[in-house]
Amino acid sequence: MRGRAREASVMAAEPATQETEQEPLLEATIRRIVREELERAAKRDPASRRACLIASKGTLDWAYPPFILGSAAAAAGMETSVFFTFYGLNLLRKDFERRLAISPVGNPAMPMPMPMSDIVTALPGMKALATGMMKSMFKRKGVATVRELRDICLESGVRLIACTMTMEVFGYSKEDFIDGVEFGGAGAFLSAARKSHVTLFI
Amino acid sequence: MRGRAREASVMAAEPATQETEQEPLLEATIRRIVREELERAAKRDPASRRACLIASKGTLDWAYPPFILGSAAAAAGMETSVFFTFYGLNLLRKDFERRLAISPVGNPAMPMPMPMSDIVTALPGMKALATGMMKSMFKRKGVATVRELRDICLESGVRLIACTMTMEVFGYSKEDFIDGVEFGGAGAFLSAARKSHVTLFI
Amino acid sequence: MRGRAREASVMAAEPATQETEQEPLLEATIRRIVREELERAAKRDPASRRACLIASKGTLDWAYPPFILGSAAAAAGMETSVFFTFYGLNLLRKDFERRLAISPVGNPAMPMPMPMSDIVTALPGMKALATGMMKSMFKRKGVATVRELRDICLESGVRLIACTMTMEVFGYSKEDFIDGVEFGGAGAFLSAARKSHVTLFI
């Protein structure tokens, strides 16, 4: 239609009109194309398809979030990295379960069978009691163990990166860690995180 | 079609000026338009208008950040979601204030009237003392209570989402929670977070 | 140039071929240009060049991550801000080292020379012992002190922002803080964070 109209106006020897008519059209068309491409680009926004987490804690309770969120992100089709640093490094060690405990001391938000002051929660045996309680609570409800969640992460392609600086400080060697772990510093974390919408320090 | 029009105008013997002027302009014009559109798109970058927080702790001190940042984000015109998981779930319970305490044990950074070792801060009554101290400190300075901040969040359209997996594990039911709460899993969090620049694990 | 070439080909009465070839090219060309510009824009994606951290804890162990990540982000050429709030405010005080301690209580993930229950780690002197141990561990491995890392941040242009609301609540004044610190509220944090891919609550 537009072509015909223009052709006709050309025939009528009015090229000036044709030009003034064509010019706004041209720009409108370009803007439409640009917006289409932008919309397409926004949909495939690569940052929305990447998650980059830091796991900095090594207790039983804080072991769940990085592995649960990491495996959930991978299941949602996201390129996922978890960087383990400080106490979190424990979660990648072969013997991690021996050290995986929780302490109710200093955390009055922990659900306990009865109110206790910290002088009680600090008593010998309370750490083992709380750790056992939490493990059985998760097991009863059919939540995977930390080891199972870690395996799911590895199987679904989540990159598990051990912080080399912490390894140095704590005196850990590469042999202490499970197979499939990568090694890197803060730079490795940042180069993945700067391209990700989801970045969490756990 | 458009080609024909141009051909015709060439025939009309005004082509040289029109063509030489239009052609170099064309690519430059397109690039200008594209850059304009990109700049416009960057300004309305939807990720910069969304915030997605995780509230994972349930003590009095850590109750403030998710509600303060959540209400501040909403006040700044951002689409805001806060996902409550683990101990953080407590903050959405009807009876949350009964459990909202802090313990000075294990946190030497807490401002205290005098230096104390943890064997002292762990004594019966110290938790109530520290909790009372912090509440009155905030009140004296005119900071809203946690309950008031939570109400502000709800009134300003912040989505408060309770983690269904934690509910299951801790044995909570929907009736335990205040009105206006949504329920969802890690997937619900990720689908909001992957579109947000501001993502924080508190 | 191209304009002239086309004109010439029109003169040579071969317009049909030229035109049919050019026409599909036109939209294709625009799309190519748009994609080039989008790719260029993605590469200079300003959000990927900004990091915005919150430092909320004031103990020795949690003093490292904001300064290590902050200086690493600056070294990677990123515009970096660290917002200090709650106990984290301590890290910007002139006398911060006096208060910079760690407690092994409530953190069974802390590497200790032997397993201890919290009733032992809570004893007088244990905080000083753990603090000394961690300091010497970092020193032996050549990691900079917290003070040195903070200086590196300031020298490399990292913005260190003290939370004015916390200052008010804890009764701190601007004179308590080191030179070079900025002052701002949650709004200051959000206006930087909403433009950054890397946003972490430490």
# chains A, B, ... in the order shown; residues from 1 in each chain; ligands from 1
>>> residues_around(residues="Ala74 in chain B", least_positions_apart="6", cutoff="12 Å", atoms="only C-alpha atoms", output="PDB file with N, CA and C atoms, in the first residue's frame")
ATOM      1  N   ARG B  49      14.621  -1.184  38.497  1.00  0.00           N
ATOM      2  CA  ARG B  49      13.423  -0.785  39.247  1.00  0.00           C
ATOM      3  C   ARG B  49      12.843  -1.935  40.060  1.00  0.00           C
ATOM      4  N   ARG B  50      13.685  -2.964  40.294  1.00  0.00           N
ATOM      5  CA  ARG B  50      13.208  -4.098  41.086  1.00  0.00           C
ATOM      6  C   ARG B  50      14.223  -4.482  42.150  1.00  0.00           C
ATOM      7  N   ALA B  51      13.728  -4.840  43.325  1.00  0.00           N
ATOM      8  CA  ALA B  51      14.585  -5.316  44.411  1.00  0.00           C
ATOM      9  C   ALA B  51      14.005  -6.608  44.946  1.00  0.00           C
ATOM     10  N   CYS B  52      14.871  -7.565  45.246  1.00  0.00           N
ATOM     11  CA  CYS B  52      14.420  -8.870  45.695  1.00  0.00           C
ATOM     12  C   CYS B  52      15.331  -9.334  46.837  1.00  0.00           C
ATOM     13  N   PRO B  66      15.710  -6.242  56.491  1.00  0.00           N
ATOM     14  CA  PRO B  66      14.803  -6.520  55.369  1.00  0.00           C
ATOM     15  C   PRO B  66      13.624  -5.558  55.301  1.00  0.00           C
ATOM     16  N   PHE B  67      13.089  -5.156  56.483  1.00  0.00           N
ATOM     17  CA  PHE B  67      11.916  -4.267  56.454  1.00  0.00           C
ATOM     18  C   PHE B  67      12.340  -2.821  56.142  1.00  0.00           C
ATOM     19  N   ILE B  68      13.507  -2.392  56.627  1.00  0.00           N
ATOM     20  CA  ILE B  68      13.974  -1.028  56.320  1.00  0.00           C
ATOM     21  C   ILE B  68      14.321  -0.919  54.834  1.00  0.00           C
ATOM     22  N   THR B  80       9.165  -4.424  44.838  1.00  0.00           N
ATOM     23  CA  THR B  80      10.000  -5.058  45.853  1.00  0.00           C
ATOM     24  C   THR B  80       9.378  -6.336  46.398  1.00  0.00           C
ATOM     25  N   SER B  81      10.203  -7.386  46.495  1.00  0.00           N
ATOM     26  CA  SER B  81       9.766  -8.642  47.108  1.00  0.00           C
ATOM     27  C   SER B  81      10.739  -9.000  48.219  1.00  0.00           C
ATOM     28  N   VAL B  82      10.209  -9.495  49.328  1.00  0.00           N
ATOM     29  CA  VAL B  82      11.073 -10.060  50.368  1.00  0.00           C
ATOM     30  C   VAL B  82      10.622 -11.490  50.609  1.00  0.00           C
ATOM     31  N   ILE B 152       4.346  -0.921  57.138  1.00  0.00           N
ATOM     32  CA  ILE B 152       4.694   0.018  56.066  1.00  0.00           C
ATOM     33  C   ILE B 152       4.992  -0.747  54.785  1.00  0.00           C
ATOM     34  N   CYS B 153       5.731  -1.856  54.909  1.00  0.00           N
ATOM     35  CA  CYS B 153       6.035  -2.682  53.738  1.00  0.00           C
ATOM     36  C   CYS B 153       4.741  -3.151  53.071  1.00  0.00           C
ATOM     37  N   LEU B 154       3.838  -3.711  53.865  1.00  0.00           N
ATOM     38  CA  LEU B 154       2.587  -4.226  53.311  1.00  0.00           C
ATOM     39  C   LEU B 154       1.779  -3.110  52.649  1.00  0.00           C
ATOM     40  N   GLU B 155       1.709  -1.955  53.329  1.00  0.00           N
ATOM     41  CA  GLU B 155       0.926  -0.833  52.790  1.00  0.00           C
ATOM     42  C   GLU B 155       1.535  -0.259  51.518  1.00  0.00           C
ATOM     43  N   SER B 156       2.858  -0.352  51.386  1.00  0.00           N
ATOM     44  CA  SER B 156       3.488   0.225  50.197  1.00  0.00           C
ATOM     45  C   SER B 156       3.692  -0.812  49.101  1.00  0.00           C
ATOM     46  N   GLY B 157       3.023  -1.966  49.252  1.00  0.00           N
ATOM     47  CA  GLY B 157       2.991  -2.925  48.151  1.00  0.00           C
ATOM     48  C   GLY B 157       4.181  -3.865  48.062  1.00  0.00           C
ATOM     49  N   VAL B 158       5.011  -3.922  49.106  1.00  0.00           N
ATOM     50  CA  VAL B 158       6.104  -4.893  49.110  1.00  0.00           C
ATOM     51  C   VAL B 158       5.506  -6.294  49.230  1.00  0.00           C
ATOM     52  N   ARG B 159       5.921  -7.201  48.339  1.00  0.00           N
ATOM     53  CA  ARG B 159       5.443  -8.584  48.431  1.00  0.00           C
ATOM     54  C   ARG B 159       6.218  -9.311  49.524  1.00  0.00           C
TER      55      ARG B 159
ATOM     56  N   ALA C 186      19.579   4.634  53.705  1.00  0.00           N
ATOM     57  CA  ALA C 186      19.238   3.498  52.851  1.00  0.00           C
ATOM     58  C   ALA C 186      19.022   3.958  51.404  1.00  0.00           C
ATOM     59  N   GLY C 187      18.523   5.185  51.233  1.00  0.00           N
ATOM     60  CA  GLY C 187      18.325   5.729  49.892  1.00  0.00           C
ATOM     61  C   GLY C 187      19.632   5.845  49.118  1.00  0.00           C
ATOM     62  N   LEU C 190      20.533   2.367  47.970  1.00  0.00           N
ATOM     63  CA  LEU C 190      19.685   1.876  46.876  1.00  0.00           C
ATOM     64  C   LEU C 190      19.986   2.561  45.552  1.00  0.00           C
TER      65      LEU C 190
END
>>> closest_atom_pairs(of="chain A", to="chain C", cutoff="8 Å", atoms="only C-alpha atoms", output="tab-separated table")
residue	atom	partner	partner_atom	distance
A:Ile30	CA	C:Ile30	CA	7.0
A:Ile33	CA	C:Arg31	CA	7.0
A:Val34	CA	C:Val34	CA	6.2
A:Glu37	CA	C:Val34	CA	7.2
A:Leu38	CA	C:Leu38	CA	7.7
A:Ala41	CA	C:Leu38	CA	7.9
A:Lys57	CA	C:Ala109	CA	7.3
A:Gly58	CA	C:Ala109	CA	5.0
A:Thr59	CA	C:Ala109	CA	5.5
A:Tyr87	CA	C:Ala109	CA	5.8
A:Asn90	CA	C:Ala109	CA	7.5
A:Arg99	CA	C:Ala109	CA	6.6
A:Leu100	CA	C:Ala109	CA	7.1
A:Ala101	CA	C:Pro108	CA	6.2
A:Ile102	CA	C:Pro108	CA	6.5
A:Ser103	CA	C:Gly106	CA	5.1
A:Pro104	CA	C:Gly106	CA	6.7
A:Val105	CA	C:Gly106	CA	4.9
A:Gly106	CA	C:Gly106	CA	5.9
A:Asn107	CA	C:Gly106	CA	7.9
A:Ile119	CA	C:Ile119	CA	7.3
A:Ala122	CA	C:Asp118	CA	4.6
A:Leu123	CA	C:Ile119	CA	5.3
A:Pro124	CA	C:Ser117	CA	5.3
A:Gly125	CA	C:Ser117	CA	7.4
A:Lys127	CA	C:Ser117	CA	7.3
A:Glu168	CA	C:Lys141	CA	6.8
A:Val169	CA	C:Lys141	CA	5.7
A:Phe170	CA	C:Met137	CA	7.5
A:Ala186	CA	C:Leu69	CA	6.5
A:Gly187	CA	C:Ala72	CA	6.6
A:Leu190	CA	C:Ala73	CA	6.9
A:Ala193	CA	C:Val198	CA	5.9
A:Arg194	CA	C:Ser48	CA	4.7
A:Lys195	CA	C:Ser48	CA	5.8
A:Ser196	CA	C:His197	CA	6.1
A:His197	CA	C:His197	CA	5.5
A:Val198	CA	C:His197	CA	7.9
A:Thr199	CA	C:Val198	CA	6.0
A:Leu200	CA	C:Leu200	CA	5.6
A:Phe201	CA	C:Leu200	CA	5.4
A:Ile202	CA	C:Ile202	CA	7.8
>>> write_last_selection(atoms="N, CA and C atoms", output="short mmCIF file (atom, residue, chain, number, x, y, z; two decimals), in the first residue's frame")
data_model
loop_
_atom_site.label_atom_id
_atom_site.label_comp_id
_atom_site.auth_asym_id
_atom_site.auth_seq_id
_atom_site.Cartn_x
_atom_site.Cartn_y
_atom_site.Cartn_z
N ILE A 30 12.52 2.23 11.34
CA ILE A 30 13.76 1.91 12.05
C ILE A 30 13.48 1.78 13.54
N ILE A 33 11.88 -1.45 14.32
CA ILE A 33 12.85 -2.56 14.27
C ILE A 33 13.72 -2.54 15.52
N VAL A 34 14.19 -1.35 15.88
CA VAL A 34 15.07 -1.22 17.05
C VAL A 34 14.36 -1.72 18.29
N GLU A 37 14.11 -5.43 18.36
CA GLU A 37 15.39 -6.05 18.71
C GLU A 37 15.70 -5.89 20.19
N LEU A 38 15.37 -4.71 20.73
CA LEU A 38 15.61 -4.45 22.14
C LEU A 38 14.79 -5.39 23.01
N ALA A 41 16.28 -8.69 22.85
CA ALA A 41 17.51 -8.71 23.64
C ALA A 41 17.20 -8.77 25.13
N LYS A 57 29.52 -19.45 55.27
CA LYS A 57 29.32 -20.04 56.59
C LYS A 57 29.39 -21.57 56.50
N GLY A 58 29.80 -22.20 57.59
CA GLY A 58 30.06 -23.63 57.51
C GLY A 58 29.25 -24.46 58.47
N THR A 59 28.22 -23.87 59.08
CA THR A 59 27.40 -24.63 60.01
C THR A 59 26.29 -25.36 59.26
N TYR A 87 34.42 -19.77 56.44
CA TYR A 87 33.94 -21.00 57.05
C TYR A 87 33.20 -21.86 56.03
N ASN A 90 34.44 -25.23 54.34
CA ASN A 90 34.18 -26.53 54.98
C ASN A 90 33.21 -27.38 54.17
N ARG A 99 32.27 -31.95 60.70
CA ARG A 99 32.32 -30.60 61.24
C ARG A 99 30.99 -29.86 61.09
N LEU A 100 30.03 -30.51 60.42
CA LEU A 100 28.78 -29.82 60.09
C LEU A 100 27.83 -29.87 61.28
N ALA A 101 27.86 -28.85 62.10
CA ALA A 101 27.03 -28.83 63.30
C ALA A 101 26.34 -27.48 63.40
N ILE A 102 25.39 -27.37 64.31
CA ILE A 102 24.86 -26.05 64.62
C ILE A 102 24.91 -25.86 66.12
N SER A 103 24.94 -24.60 66.50
CA SER A 103 24.91 -24.28 67.91
C SER A 103 23.72 -23.36 68.14
N PRO A 104 22.90 -23.67 69.13
CA PRO A 104 21.75 -22.79 69.41
C PRO A 104 22.19 -21.52 70.14
N VAL A 105 23.45 -21.49 70.60
CA VAL A 105 23.92 -20.35 71.37
C VAL A 105 23.95 -19.10 70.50
N GLY A 106 23.41 -18.03 71.03
CA GLY A 106 23.48 -16.76 70.33
C GLY A 106 22.45 -16.62 69.23
N ASN A 107 21.58 -17.62 69.05
CA ASN A 107 20.54 -17.53 68.03
C ASN A 107 19.18 -17.81 68.63
N ILE A 119 23.27 -19.89 78.77
CA ILE A 119 24.14 -20.66 79.68
C ILE A 119 23.75 -22.13 79.62
N ALA A 122 24.72 -23.52 75.98
CA ALA A 122 26.17 -23.64 75.85
C ALA A 122 26.73 -24.88 76.52
N LEU A 123 25.90 -25.62 77.24
CA LEU A 123 26.39 -26.79 77.99
C LEU A 123 26.92 -27.89 77.05
N PRO A 124 27.86 -28.70 77.55
CA PRO A 124 28.37 -29.79 76.72
C PRO A 124 27.22 -30.68 76.28
N GLY A 125 27.23 -31.09 75.02
CA GLY A 125 26.18 -31.97 74.51
C GLY A 125 25.07 -31.23 73.81
N LYS A 127 25.25 -28.85 71.56
CA LYS A 127 25.55 -28.68 70.13
C LYS A 127 25.15 -29.96 69.39
N GLU A 168 44.68 -21.04 51.71
CA GLU A 168 46.03 -20.66 52.14
C GLU A 168 46.04 -20.32 53.63
N VAL A 169 45.11 -19.48 54.04
CA VAL A 169 45.07 -19.00 55.43
C VAL A 169 44.75 -20.15 56.39
N PHE A 170 43.77 -20.99 56.03
CA PHE A 170 43.37 -22.08 56.91
C PHE A 170 44.27 -23.31 56.77
N ALA A 186 39.02 -14.00 44.65
CA ALA A 186 37.94 -13.03 44.58
C ALA A 186 37.70 -12.57 43.14
N GLY A 187 38.78 -12.52 42.35
CA GLY A 187 38.65 -12.14 40.95
C GLY A 187 37.76 -13.10 40.17
N LEU A 190 34.18 -12.31 41.09
CA LEU A 190 33.70 -11.05 40.50
C LEU A 190 33.46 -11.17 39.01
N ALA A 193 30.15 -12.81 38.81
CA ALA A 193 29.08 -12.05 39.47
C ALA A 193 28.71 -10.79 38.69
N ARG A 194 29.68 -10.16 38.06
CA ARG A 194 29.40 -8.88 37.38
C ARG A 194 28.52 -9.07 36.16
N LYS A 195 28.31 -10.32 35.75
CA LYS A 195 27.43 -10.59 34.61
C LYS A 195 26.11 -11.23 35.06
N SER A 196 25.83 -11.24 36.37
CA SER A 196 24.67 -11.95 36.91
C SER A 196 23.72 -11.01 37.63
N HIS A 197 22.43 -11.19 37.42
CA HIS A 197 21.46 -10.43 38.21
C HIS A 197 21.42 -10.95 39.64
N VAL A 198 21.39 -12.28 39.78
CA VAL A 198 21.29 -12.85 41.12
C VAL A 198 22.69 -13.01 41.72
N THR A 199 23.01 -12.18 42.71
CA THR A 199 24.28 -12.28 43.43
C THR A 199 23.96 -12.21 44.91
N LEU A 200 24.33 -13.25 45.66
CA LEU A 200 23.97 -13.32 47.08
C LEU A 200 25.17 -13.72 47.92
N PHE A 201 25.35 -13.05 49.03
CA PHE A 201 26.39 -13.41 50.00
C PHE A 201 25.69 -14.15 51.13
N ILE A 202 25.89 -15.45 51.18
CA ILE A 202 25.17 -16.29 52.16
C ILE A 202 26.10 -16.62 53.31
#
>>> atom_distance(atom1="CA of Thr85 in chain A", atom2="CA of Ala192 in chain B")
26.3 Å
>>> closest_residue(among="B:Met133, B:Ala144, B:Leu91, B:Cys163", to="Gly184 in chain B", atoms="only C-alpha atoms")
B:Cys163
>>> select_by_dssp(residues="range 129-196 of chain B", states="alpha helix (DSSP H)", output="PyMOL selection string")
chain B and resi 129-140+146-155+164-170+186-193
